[in-house]
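coords07.txt follows; it contains compact mmCIF, C-alpha atoms.
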```txt
# COMPACT_ATOMS: atom_id res chain seq x y z
CA LEU T 1 -49.51 -112.88 281.84
CA LEU T 2 -49.65 -110.87 285.10
CA CYS T 3 -45.93 -110.20 284.80
CA PHE T 4 -46.39 -108.86 281.28
CA GLN T 5 -49.32 -106.72 282.44
CA SER T 6 -47.00 -105.12 284.96
CA TYR T 7 -44.49 -104.46 282.17
CA VAL T 8 -47.23 -102.82 280.10
CA GLN T 9 -48.19 -100.44 282.90
CA ASP T 10 -44.57 -99.61 283.74
CA TYR T 11 -43.67 -99.06 280.09
CA GLU T 12 -46.65 -96.82 279.31
CA LYS T 13 -45.97 -94.79 282.44
CA GLY T 14 -42.28 -94.58 281.52
CA ILE T 15 -43.04 -93.31 278.01
CA ALA T 16 -45.38 -90.70 279.47
CA GLY T 17 -42.53 -89.54 281.70
CA CYS T 18 -40.10 -89.16 278.80
CA TYR T 19 -41.87 -86.96 276.27
CA PRO T 20 -42.17 -83.93 278.63
CA HIS T 21 -38.37 -83.71 278.28
CA THR T 22 -38.49 -83.55 274.47
CA THR T 23 -39.58 -81.01 271.88
CA LEU T 24 -42.89 -82.89 271.69
CA ARG T 25 -43.72 -82.11 275.34
CA ASN T 26 -46.85 -80.13 274.52
CA ALA T 27 -48.10 -82.58 271.91
CA PHE T 28 -47.94 -85.93 273.76
CA VAL T 29 -51.26 -87.46 274.82
CA ALA T 30 -50.76 -91.12 275.74
CA ALA T 31 -48.91 -94.34 274.92
CA ASP T 32 -50.60 -97.72 274.42
CA VAL T 33 -48.71 -101.02 274.28
CA ASN T 34 -50.27 -103.16 271.55
CA GLU T 35 -48.29 -106.30 272.32
CA ILE T 36 -45.05 -107.58 273.81
CA VAL T 37 -43.24 -110.08 271.61
CA ASN T 38 -40.11 -112.18 271.62
CA PRO T 39 -37.61 -110.08 269.63
CA LYS T 40 -36.29 -113.20 267.88
CA MET T 41 -39.63 -113.41 266.09
CA MET T 42 -38.71 -110.16 264.35
CA ASN T 43 -34.96 -110.58 264.00
CA ALA T 44 -33.05 -113.78 264.71
CA SER T 45 -30.00 -111.88 265.98
CA TRP T 46 -31.93 -110.33 268.89
CA GLU T 47 -31.42 -112.95 271.58
CA SER T 48 -32.56 -111.19 274.75
CA GLY T 49 -35.03 -108.66 276.11
CA LEU T 50 -38.57 -107.87 275.03
CA LEU T 51 -39.94 -105.97 272.07
CA PHE T 52 -42.75 -103.50 272.85
CA ASN T 53 -45.07 -102.77 269.93
CA THR T 54 -46.45 -99.39 270.95
CA THR T 55 -48.78 -96.73 269.58
CA VAL T 56 -48.04 -93.20 270.81
CA HIS T 57 -50.81 -90.59 270.54
CA PHE T 58 -50.20 -86.87 269.94
CA ARG T 59 -52.36 -83.82 269.40
CA LYS T 60 -53.64 -83.59 265.83
CA GLY T 61 -51.19 -81.88 263.49
CA ALA T 62 -48.41 -81.73 266.08
CA VAL T 63 -46.17 -84.33 264.40
CA ARG T 64 -45.07 -83.66 260.84
CA ILE T 65 -42.59 -86.51 260.43
CA PRO T 66 -43.56 -89.85 262.09
CA SER T 67 -39.95 -90.88 262.66
CA ASP T 68 -39.45 -87.82 264.90
CA VAL T 69 -41.63 -89.54 267.50
CA TYR T 70 -39.13 -92.39 267.71
CA TYR T 71 -35.91 -90.35 267.47
CA GLU T 72 -36.96 -87.77 270.08
CA LEU T 73 -37.87 -90.51 272.57
CA VAL T 74 -34.77 -92.66 272.08
CA ARG T 75 -32.41 -89.68 272.09
CA TYR T 76 -33.72 -88.56 275.48
CA ILE T 77 -33.65 -92.07 276.98
CA ILE T 78 -30.09 -92.82 275.84
CA GLU T 79 -28.39 -89.44 276.12
CA ARG T 80 -30.12 -87.94 279.17
CA ASN T 81 -31.76 -90.72 281.15
CA GLY T 82 -29.15 -93.48 281.28
CA TYR T 83 -31.09 -95.83 278.96
CA GLU T 84 -34.03 -96.01 281.41
CA VAL T 85 -37.57 -95.57 280.06
CA GLY T 86 -38.70 -92.75 282.35
CA ASP T 87 -38.46 -94.07 285.92
CA SER T 88 -40.06 -97.42 285.04
CA GLY T 89 -37.09 -99.64 285.84
CA LEU T 90 -37.16 -100.80 282.21
CA TYR T 91 -34.09 -100.12 280.08
CA LEU T 92 -33.37 -99.94 276.39
CA ASN T 93 -30.89 -102.41 274.96
CA GLU T 94 -27.54 -100.75 274.25
CA TYR T 95 -28.05 -101.89 270.69
CA GLN T 96 -31.38 -100.20 270.12
CA PRO T 97 -32.94 -101.48 266.86
CA ASN T 98 -34.21 -98.69 264.66
CA PRO T 99 -37.61 -99.52 263.13
CA TYR T 100 -36.91 -97.03 260.36
CA LYS T 101 -33.80 -98.89 259.15
CA PRO T 102 -33.79 -101.91 256.77
CA CYS T 103 -32.03 -104.11 259.34
CA PHE T 104 -34.99 -103.87 261.73
CA LYS T 105 -36.49 -106.82 259.87
CA ASN T 106 -33.90 -109.07 258.27
CA ASP T 107 -33.18 -112.71 257.57
CA CYS T 108 -29.56 -112.78 258.76
CA HIS T 109 -28.39 -115.77 260.81
CA PRO T 110 -28.75 -115.40 264.63
CA LYS T 111 -24.93 -115.22 264.80
CA GLY T 112 -24.78 -112.91 261.82
CA ILE T 113 -24.44 -109.15 261.62
CA CYS T 114 -26.88 -106.99 259.68
CA ILE T 115 -25.39 -103.92 258.04
CA ASP T 116 -27.56 -101.18 256.57
CA VAL T 117 -26.38 -100.45 253.03
CA SER T 118 -28.97 -97.82 252.15
CA ASN T 119 -32.37 -96.65 253.34
CA ARG T 120 -33.94 -99.67 251.66
CA SER T 121 -31.36 -102.45 251.65
CA TYR T 122 -29.00 -104.32 253.95
CA ARG T 123 -26.41 -107.05 253.81
CA CYS T 124 -25.51 -109.87 256.20
CA GLU T 125 -22.18 -111.25 257.32
CA CYS T 126 -21.13 -113.76 259.94
CA GLY T 127 -19.96 -112.37 263.27
CA ALA T 128 -16.63 -112.89 265.06
CA GLY T 129 -15.88 -116.55 265.72
CA PHE T 130 -18.17 -117.71 262.94
CA ARG T 131 -17.68 -118.40 259.24
CA GLU T 132 -19.83 -118.73 256.17
CA LEU T 133 -21.24 -122.14 255.35
CA ASP T 134 -22.52 -120.82 252.02
CA PRO T 135 -20.35 -117.90 250.80
CA SER T 136 -22.73 -117.35 247.87
CA ASP T 137 -25.41 -116.24 250.34
CA PRO T 138 -23.39 -114.43 253.07
CA GLY T 139 -24.58 -114.09 256.63
CA LYS T 140 -27.47 -116.54 256.25
CA LYS T 141 -25.72 -119.73 257.40
CA CYS T 142 -23.05 -119.09 260.02
CA ILE T 143 -21.18 -121.87 261.82
CA PRO T 144 -18.45 -121.70 264.49
CA THR T 145 -14.93 -121.30 263.14
CA TYR T 146 -13.69 -123.92 265.60
CA GLY T 147 -15.34 -126.87 267.32
CA PHE T 148 -18.01 -127.48 264.69
CA ASN T 149 -18.28 -130.90 263.05
CA GLU T 150 -19.16 -130.31 259.41
CA CYS T 151 -19.16 -134.05 258.78
CA GLU T 152 -22.21 -134.80 260.93
CA LYS T 153 -24.65 -133.46 258.33
CA LYS T 154 -24.25 -133.80 254.59
CA GLU T 155 -25.54 -130.26 254.01
CA ASP T 156 -22.68 -128.84 256.11
CA ASN T 157 -19.88 -130.09 253.85
CA GLU T 158 -19.05 -130.33 250.17
CA CYS T 159 -17.63 -133.85 250.09
CA SER T 160 -18.56 -136.09 247.18
CA GLU T 161 -20.87 -139.02 247.88
CA ASN T 162 -17.84 -141.10 246.91
CA ALA T 163 -15.61 -139.46 249.51
CA ARG T 164 -15.04 -139.71 253.25
CA CYS T 165 -15.52 -136.54 255.30
CA ILE T 166 -12.85 -136.06 257.98
CA ASP T 167 -13.52 -133.48 260.69
CA LEU T 168 -10.59 -131.28 261.71
CA GLU T 169 -10.15 -128.80 264.54
CA HIS T 170 -10.54 -126.09 261.92
CA LEU T 171 -12.81 -126.97 258.99
CA TYR T 172 -12.70 -130.47 257.45
CA LYS T 173 -11.27 -132.39 254.53
CA CYS T 174 -12.61 -134.88 251.99
CA GLU T 175 -10.79 -138.02 250.89
CA CYS T 176 -11.96 -139.98 247.86
CA LEU T 177 -12.79 -143.60 248.62
CA PRO T 178 -10.58 -146.42 247.32
CA SER T 179 -10.94 -146.94 243.54
CA TYR T 180 -12.03 -143.29 243.19
CA SER T 181 -9.91 -140.32 242.17
CA ASP T 182 -10.24 -136.60 242.87
CA ALA T 183 -11.55 -134.65 239.87
CA SER T 184 -12.35 -131.39 241.67
CA PRO T 185 -11.66 -128.28 239.56
CA PRO T 186 -9.16 -125.64 240.70
CA GLY T 187 -10.54 -123.59 243.58
CA ALA T 188 -13.00 -126.28 244.70
CA VAL T 189 -12.72 -128.35 247.87
CA PRO T 190 -10.49 -131.37 247.11
CA GLY T 191 -12.66 -134.47 247.21
CA SER T 192 -15.83 -132.59 246.30
CA ILE T 193 -15.90 -134.52 243.02
CA CYS T 194 -14.66 -138.11 243.12
CA VAL T 195 -14.81 -140.24 239.97
CA LEU T 196 -14.01 -143.86 239.27
CA ASP T 197 -10.25 -144.23 239.00
CA TYR T 198 -10.10 -145.66 235.49
CA CYS T 199 -6.40 -144.89 235.47
CA SER T 200 -5.75 -147.48 238.17
CA ASP T 201 -5.86 -150.02 235.33
CA VAL T 202 -2.20 -150.02 234.27
CA ASN T 203 -3.17 -151.01 230.71
CA PHE T 204 -5.80 -148.31 230.22
CA CYS T 205 -3.51 -145.99 228.25
CA PRO T 206 -0.76 -147.01 225.76
CA THR T 207 2.86 -145.90 225.66
CA ASN T 208 3.73 -142.20 225.48
CA THR T 209 0.44 -141.14 227.05
CA THR T 210 -0.74 -140.18 230.52
CA CYS T 211 -4.11 -141.20 231.91
CA LYS T 212 -6.32 -138.38 233.19
CA ASN T 213 -9.52 -139.16 235.12
CA MET T 214 -12.53 -137.09 234.06
CA GLU T 215 -15.97 -136.90 235.69
CA GLN T 216 -17.58 -139.58 233.49
CA GLN T 217 -14.56 -141.23 231.88
CA ALA T 218 -10.79 -141.14 231.53
CA GLU T 219 -8.67 -139.61 228.79
CA CYS T 220 -5.28 -140.63 227.48
CA ARG T 221 -3.28 -137.47 226.83
CA CYS T 222 -0.04 -137.31 224.89
CA ASP T 223 3.06 -136.74 226.99
CA PRO T 224 5.07 -133.53 226.44
CA GLY T 225 7.05 -133.75 223.19
CA PHE T 226 4.56 -136.09 221.53
CA THR T 227 1.86 -135.42 218.91
CA ASP T 228 -1.63 -136.91 218.99
CA ILE T 229 -2.26 -138.88 215.76
CA ARG T 230 -5.63 -140.42 216.65
CA LYS T 231 -7.52 -138.16 214.26
CA SER T 232 -5.60 -139.53 211.27
CA ASP T 233 -7.54 -141.92 209.01
CA ARG T 234 -4.28 -143.02 207.33
CA ARG T 235 -2.34 -144.43 210.25
CA ASN T 236 -3.32 -148.05 209.60
CA ALA T 237 -2.19 -147.73 205.97
CA LEU T 238 1.15 -146.48 207.26
CA GLY T 239 1.54 -149.55 209.47
CA LEU T 240 0.53 -147.86 212.73
CA GLY T 241 -1.78 -149.86 215.00
CA ASP T 242 -4.95 -148.64 216.68
CA ASP T 243 -3.08 -148.61 219.99
CA THR T 244 -0.64 -145.99 218.72
CA PHE T 245 -2.04 -142.72 220.03
CA CYS T 246 1.00 -140.46 220.11
CA MET T 247 4.29 -140.15 218.24
CA HIS T 248 7.40 -138.14 219.07
CA VAL T 249 7.40 -134.78 217.30
CA ARG T 250 10.60 -135.76 215.44
CA ASP T 251 9.11 -139.01 214.18
CA VAL T 252 5.66 -137.91 213.11
CA ASN T 253 5.00 -137.05 209.45
CA GLU T 254 1.94 -134.84 209.53
CA CYS T 255 1.83 -134.71 205.73
CA ALA T 256 1.63 -138.48 205.37
CA LEU T 257 -0.92 -138.75 208.17
CA GLY T 258 -3.09 -135.94 206.83
CA LEU T 259 -2.82 -133.99 210.07
CA THR T 260 -2.35 -130.60 208.44
CA ASN T 261 -4.36 -127.53 207.61
CA CYS T 262 -2.85 -127.05 204.16
CA SER T 263 -5.12 -125.97 201.33
CA GLY T 264 -6.52 -128.81 199.24
CA VAL T 265 -4.35 -127.80 196.28
CA ALA T 266 -1.21 -126.94 198.28
CA GLU T 267 1.89 -129.08 198.63
CA CYS T 268 2.63 -130.31 202.16
CA ILE T 269 6.33 -130.38 203.02
CA ASP T 270 7.42 -132.38 206.06
CA ARG T 271 10.06 -130.92 208.37
CA PRO T 272 12.12 -132.41 211.20
CA ILE T 273 9.60 -130.82 213.58
CA GLY T 274 6.24 -129.90 212.08
CA TYR T 275 5.50 -129.10 208.45
CA THR T 276 4.88 -126.28 206.02
CA CYS T 277 2.55 -125.75 203.06
CA LYS T 278 3.32 -124.34 199.60
CA CYS T 279 0.95 -123.13 196.93
CA PRO T 280 1.59 -124.75 193.51
CA ASP T 281 2.69 -122.77 190.46
CA GLY T 282 -0.06 -120.63 189.04
CA TYR T 283 -1.66 -119.96 192.44
CA ILE T 284 -1.37 -116.86 194.63
CA ASP T 285 -0.96 -117.34 198.38
CA GLY T 286 -3.79 -115.51 200.14
CA ASN T 287 -2.00 -115.47 203.51
CA PRO T 288 1.79 -115.22 203.26
CA ASP T 289 2.10 -115.28 207.05
CA GLU T 290 0.65 -118.81 206.98
CA PRO T 291 1.83 -120.16 203.58
CA GLY T 292 -0.29 -122.59 201.62
CA ARG T 293 -3.37 -122.37 203.79
CA VAL T 294 -5.48 -120.14 201.52
```
Take the structure in the file and write it out as structure tokens.
Amino acid sequence: LLCFQSYVQDYEKGIAGCYPHTTLRNAFVAADVNEIVNPKMMNASWESGLLFNTTVHFRKGAVRIPSDVYYELVRYIIERNGYEVGDSGLYLNEYQPNPYKPCFKNDCHPKGICIDVSNRSYRCECGAGFRELDPSDPGKKCIPTYGFNECEKKEDNECSENARCIDLEHLYKCECLPSYSDASPPGAVPGSICVLDYCSDVNFCPTNTTCKNMEQQAECRCDPGFTDIRKSDRRNALGLGDDTFCMHVRDVNECALGLTNCSGVAECIDRPIGYTCKCPDGYIDGNPDEPGRV
């Protein structure tokens, strides 16, 4: 407390010694320190020094714009007095925070950088040697680019609960646990979504299909060159079993299976690959580009 009291006296005396060298020389009356606070309480990126909350008194009507009081003082201290506050032995930080800028009070990470965007807004970004933990909210959660173990805390990685987090020198990776398969979408961290590997059952999908794990289930998808006939309600009548999902495009008869979009009155004509539709006599085709549909 005694040490801070000495700072108060030195600072107030220093301020009084500065204004006579500014355009406000004839208006200055006195300076009173209201409090001295830890700068990190105001801005997490200010890691050293002290923050003086000060009221400066001037003759009535002498100051038209309040910010002039600040700018006149700081300009003299930095440009003409070598950063020293008068002859107090106290010095301004080289990075002097401007109380009239949005970044003076911000919620950037201590290792982040605050950048004034306008007179009322700012943005944050992580400083050199640090990277974003949450890119959707930049500059708020910054972690070291190297030497940081993202696997120690669940909130520091995106691995699925069914995956193993492996720390690397740079970043980390996720590996799905045995019996689980990666279902992460393109652009996501591999292993961020791990689902039961239904496809590990060799009998899950029938011939001519490929098993694809989804988030809640697996799908059997027709291989290239094959047509999906599962939507046909006629396949059993044609001697095809329930385990026949896909047929080669040259073997499938869409007309017989009812897998067409022909009009209800149109004739379906099977082709070696695919089919076509034809309106019967007495009908006019409403869409010649797609015959027999309308």
- Item | For CA of Tyr7 in chain T and CA of Gly49 in chain T, the interatomic separation in Å (one decimal) |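 Those two atoms sit 12.0 Å apart.
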- Item | For Tyr76 in chain T: contacts at 10 Å, all atoms listed in the file, fewer than 4 positions along chain excluded, given as a list in words |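 Within the cut-off, the hits are Cys18, Tyr19, His21, Thr22, Tyr71, Glu72, Arg80, Asn81, Gly82, Tyr83, Glu84, Val85 and Gly86 of chain T.
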For C-alpha atoms, I'd like the residues from the last selection saved as a JSON list (two decimals), keeping the file's coordinate frame.
```json
[["chain", "number", "residue", "atom", "x", "y", "z"],
["T", 18, "CYS", "CA", -40.10, -89.16, 278.80],
["T", 19, "TYR", "CA", -41.87, -86.96, 276.27],
["T", 21, "HIS", "CA", -38.37, -83.71, 278.28],
["T", 22, "THR", "CA", -38.49, -83.55, 274.47],
["T", 71, "TYR", "CA", -35.91, -90.35, 267.47],
["T", 72, "GLU", "CA", -36.96, -87.77, 270.08],
["T", 80, "ARG", "CA", -30.12, -87.94, 279.17],
["T", 81, "ASN", "CA", -31.76, -90.72, 281.15],
["T", 82, "GLY", "CA", -29.15, -93.48, 281.28],
["T", 83, "TYR", "CA", -31.09, -95.83, 278.96],
["T", 84, "GLU", "CA", -34.03, -96.01, 281.41],
["T", 85, "VAL", "CA", -37.57, -95.57, 280.06],
["T", 86, "GLY", "CA", -38.70, -92.75, 282.35]]
```
Closest contacts (range 229-252 of chain T/range 271-292 of chain T, max 9 Å, all atoms listed in the file) as CSV:
```
residue,atom,partner,partner_atom,distance
T:Val249,CA,T:Ile273,CA,5.9
T:Arg250,CA,T:Ile273,CA,5.4
T:Asp251,CA,T:Pro272,CA,7.8
T:Val252,CA,T:Gly274,CA,8.1
```
- Item | Distance query Thr227 in chain T at most 7 Å, all atoms listed in the file, self and fewer than 2 positions along chain excluded, as a ChimeraX atom specification | /T:222,225,229,246-249
- CA of Val189 in chain T to CA of Cys211 in chain T: how many Å, to one decimal?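 Taking CA of Val189 in chain T and CA of Cys211 in chain T, their separation equals 22.2 Å.
Picture a line from CA of Ser200 in chain T to CA of Gly187 in chain T; it runs 25.0 Å.
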- Task: Show me as a list in words the residues that reach within 7 Å of (-48.8, -91.5, 278.0), counting all atoms listed in the file and using the file's own coordinates.
- Result: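 Selection result: Glu12, Lys13, Ile15, Ala16, Val29, Ala30 and Ala31 of chain T.
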- Query: Out of T:Ser118, T:Thr145, T:Thr207, T:Asn261, which residue has the shortest atom-to-atom distance to Leu133 in chain T when counting all atoms listed in the file?
  - Reply: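 So, comparing all the options, the nearest one is T:Thr145.
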- Name the residues in contact with His170 in chain T at a cut-off of 12 Å, using all atoms listed in the file, excluding same-chain residues fewer than 4 positions from it; report them as a ChimeraX atom specification. /T:129-131,143-150,166
- Fewer than 4 positions away in the same chain doesn't count, so skip those; otherwise give me all residues within 10 Å of Tyr100 in chain T, counting all atoms listed in the file, as a list of chain:residue names.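 Counting only the stated atoms, we get T:Pro66, T:Ser67, T:Tyr70, T:Tyr71, T:Phe104, T:Lys105, T:Asn119, T:Arg120.
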- Which of these, T:Thr54, T:Gln9, T:Ser88, T:Asn106, has the shortest distance to Met41 in chain T once you count all atoms listed in the file?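 Selected residue with least distance to Met41 in chain T: T:Asn106.
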- Select, from T:Gln96, T:Ser192, T:Asn34, T:Asn208, the residue with the minimum atom-to-atom distance to Cys165 in chain T, counting only C-alpha atoms.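 Closest to Cys165 in chain T of all the choices is T:Ser192.
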Padding 5 Å on each side, edges along x, y and z: where is the centre of the box around the listed atoms of range 76-83 of chain T, and how long are its edges in Å to one decimal? Output it as JSON.
```
{"center_x": -31.1, "center_y": -91.9, "center_z": 278.4, "size_x": 15.3, "size_y": 17.9, "size_z": 15.8}
```
- Message: Set the distance at 7 Å and use all atoms listed in the file: which residues neighbour Pro39 in chain T once local chain neighbours fewer than 4 positions away are removed? I'd like the list as number ranges by chain.
- Response: T: 43, 46, 50-51
- Select, from T:Tyr180, T:Phe245, T:Tyr11, T:Tyr122, the residue with the minimum atom-to-atom distance to Pro102 in chain T, counting all atoms listed in the file. T:Tyr122
Mind filling out range 141-170 of chain T with N, CA and C atoms and sending it as a compact mmCIF listing (two decimals), keeping the file's coordinate frame?
```txt
# COMPACT_ATOMS: atom_id res chain seq x y z
N LYS T 141 -26.07 -118.46 256.75
CA LYS T 141 -25.72 -119.73 257.40
C LYS T 141 -24.34 -119.57 258.02
N CYS T 142 -24.31 -119.32 259.32
CA CYS T 142 -23.05 -119.09 260.02
C CYS T 142 -22.77 -120.25 260.98
N ILE T 143 -21.56 -120.78 260.93
CA ILE T 143 -21.18 -121.87 261.82
C ILE T 143 -19.89 -121.49 262.54
N PRO T 144 -19.65 -122.05 263.74
CA PRO T 144 -18.45 -121.70 264.49
C PRO T 144 -17.18 -121.99 263.70
N THR T 145 -16.20 -121.10 263.82
CA THR T 145 -14.93 -121.30 263.14
C THR T 145 -14.21 -122.52 263.67
N TYR T 146 -14.32 -122.75 264.97
CA TYR T 146 -13.69 -123.92 265.60
C TYR T 146 -14.74 -124.71 266.36
N GLY T 147 -14.48 -126.03 266.49
CA GLY T 147 -15.34 -126.87 267.32
C GLY T 147 -16.65 -127.27 266.68
N PHE T 148 -16.77 -127.09 265.38
CA PHE T 148 -18.01 -127.48 264.69
C PHE T 148 -17.70 -128.65 263.77
N ASN T 149 -18.51 -129.70 263.86
CA ASN T 149 -18.28 -130.90 263.05
C ASN T 149 -19.11 -130.83 261.77
N GLU T 150 -18.46 -130.41 260.69
CA GLU T 150 -19.16 -130.31 259.41
C GLU T 150 -19.54 -131.66 258.83
N CYS T 151 -18.93 -132.72 259.35
CA CYS T 151 -19.16 -134.05 258.78
C CYS T 151 -20.43 -134.71 259.30
N GLU T 152 -21.02 -134.17 260.36
CA GLU T 152 -22.21 -134.80 260.93
C GLU T 152 -23.41 -134.73 259.99
N LYS T 153 -23.53 -133.63 259.26
CA LYS T 153 -24.65 -133.46 258.33
C LYS T 153 -24.11 -133.23 256.92
N LYS T 154 -24.70 -133.91 255.97
CA LYS T 154 -24.25 -133.80 254.59
C LYS T 154 -24.33 -132.36 254.08
N GLU T 155 -25.37 -131.63 254.51
CA GLU T 155 -25.54 -130.26 254.01
C GLU T 155 -24.49 -129.29 254.54
N ASP T 156 -23.69 -129.72 255.54
CA ASP T 156 -22.68 -128.84 256.11
C ASP T 156 -21.30 -129.02 255.49
N ASN T 157 -21.17 -129.90 254.51
CA ASN T 157 -19.88 -130.09 253.85
C ASN T 157 -20.08 -130.30 252.35
N GLU T 158 -18.99 -130.22 251.63
CA GLU T 158 -19.05 -130.33 250.17
C GLU T 158 -18.43 -131.62 249.65
N CYS T 159 -18.26 -132.60 250.52
CA CYS T 159 -17.63 -133.85 250.09
C CYS T 159 -18.50 -134.60 249.09
N SER T 160 -17.85 -135.25 248.14
CA SER T 160 -18.56 -136.09 247.18
C SER T 160 -19.19 -137.27 247.91
N GLU T 161 -20.25 -137.82 247.31
CA GLU T 161 -20.87 -139.02 247.88
C GLU T 161 -19.91 -140.20 247.82
N ASN T 162 -18.85 -140.06 247.02
CA ASN T 162 -17.84 -141.10 246.91
C ASN T 162 -16.57 -140.73 247.68
N ALA T 163 -16.74 -139.89 248.69
CA ALA T 163 -15.61 -139.46 249.51
C ALA T 163 -15.94 -139.63 250.99
N ARG T 164 -14.89 -139.64 251.79
CA ARG T 164 -15.04 -139.71 253.25
C ARG T 164 -14.77 -138.32 253.81
N CYS T 165 -15.68 -137.85 254.65
CA CYS T 165 -15.52 -136.54 255.30
C CYS T 165 -14.75 -136.73 256.60
N ILE T 166 -13.69 -135.96 256.78
CA ILE T 166 -12.85 -136.06 257.98
C ILE T 166 -12.89 -134.72 258.70
N ASP T 167 -13.42 -134.72 259.91
CA ASP T 167 -13.52 -133.48 260.69
C ASP T 167 -12.15 -133.09 261.24
N LEU T 168 -11.84 -131.82 261.17
CA LEU T 168 -10.59 -131.28 261.71
C LEU T 168 -10.91 -130.23 262.76
N GLU T 169 -9.92 -129.84 263.53
CA GLU T 169 -10.15 -128.80 264.54
C GLU T 169 -10.66 -127.53 263.87
N HIS T 170 -10.08 -127.23 262.71
CA HIS T 170 -10.54 -126.09 261.92
C HIS T 170 -10.96 -126.61 260.55
```
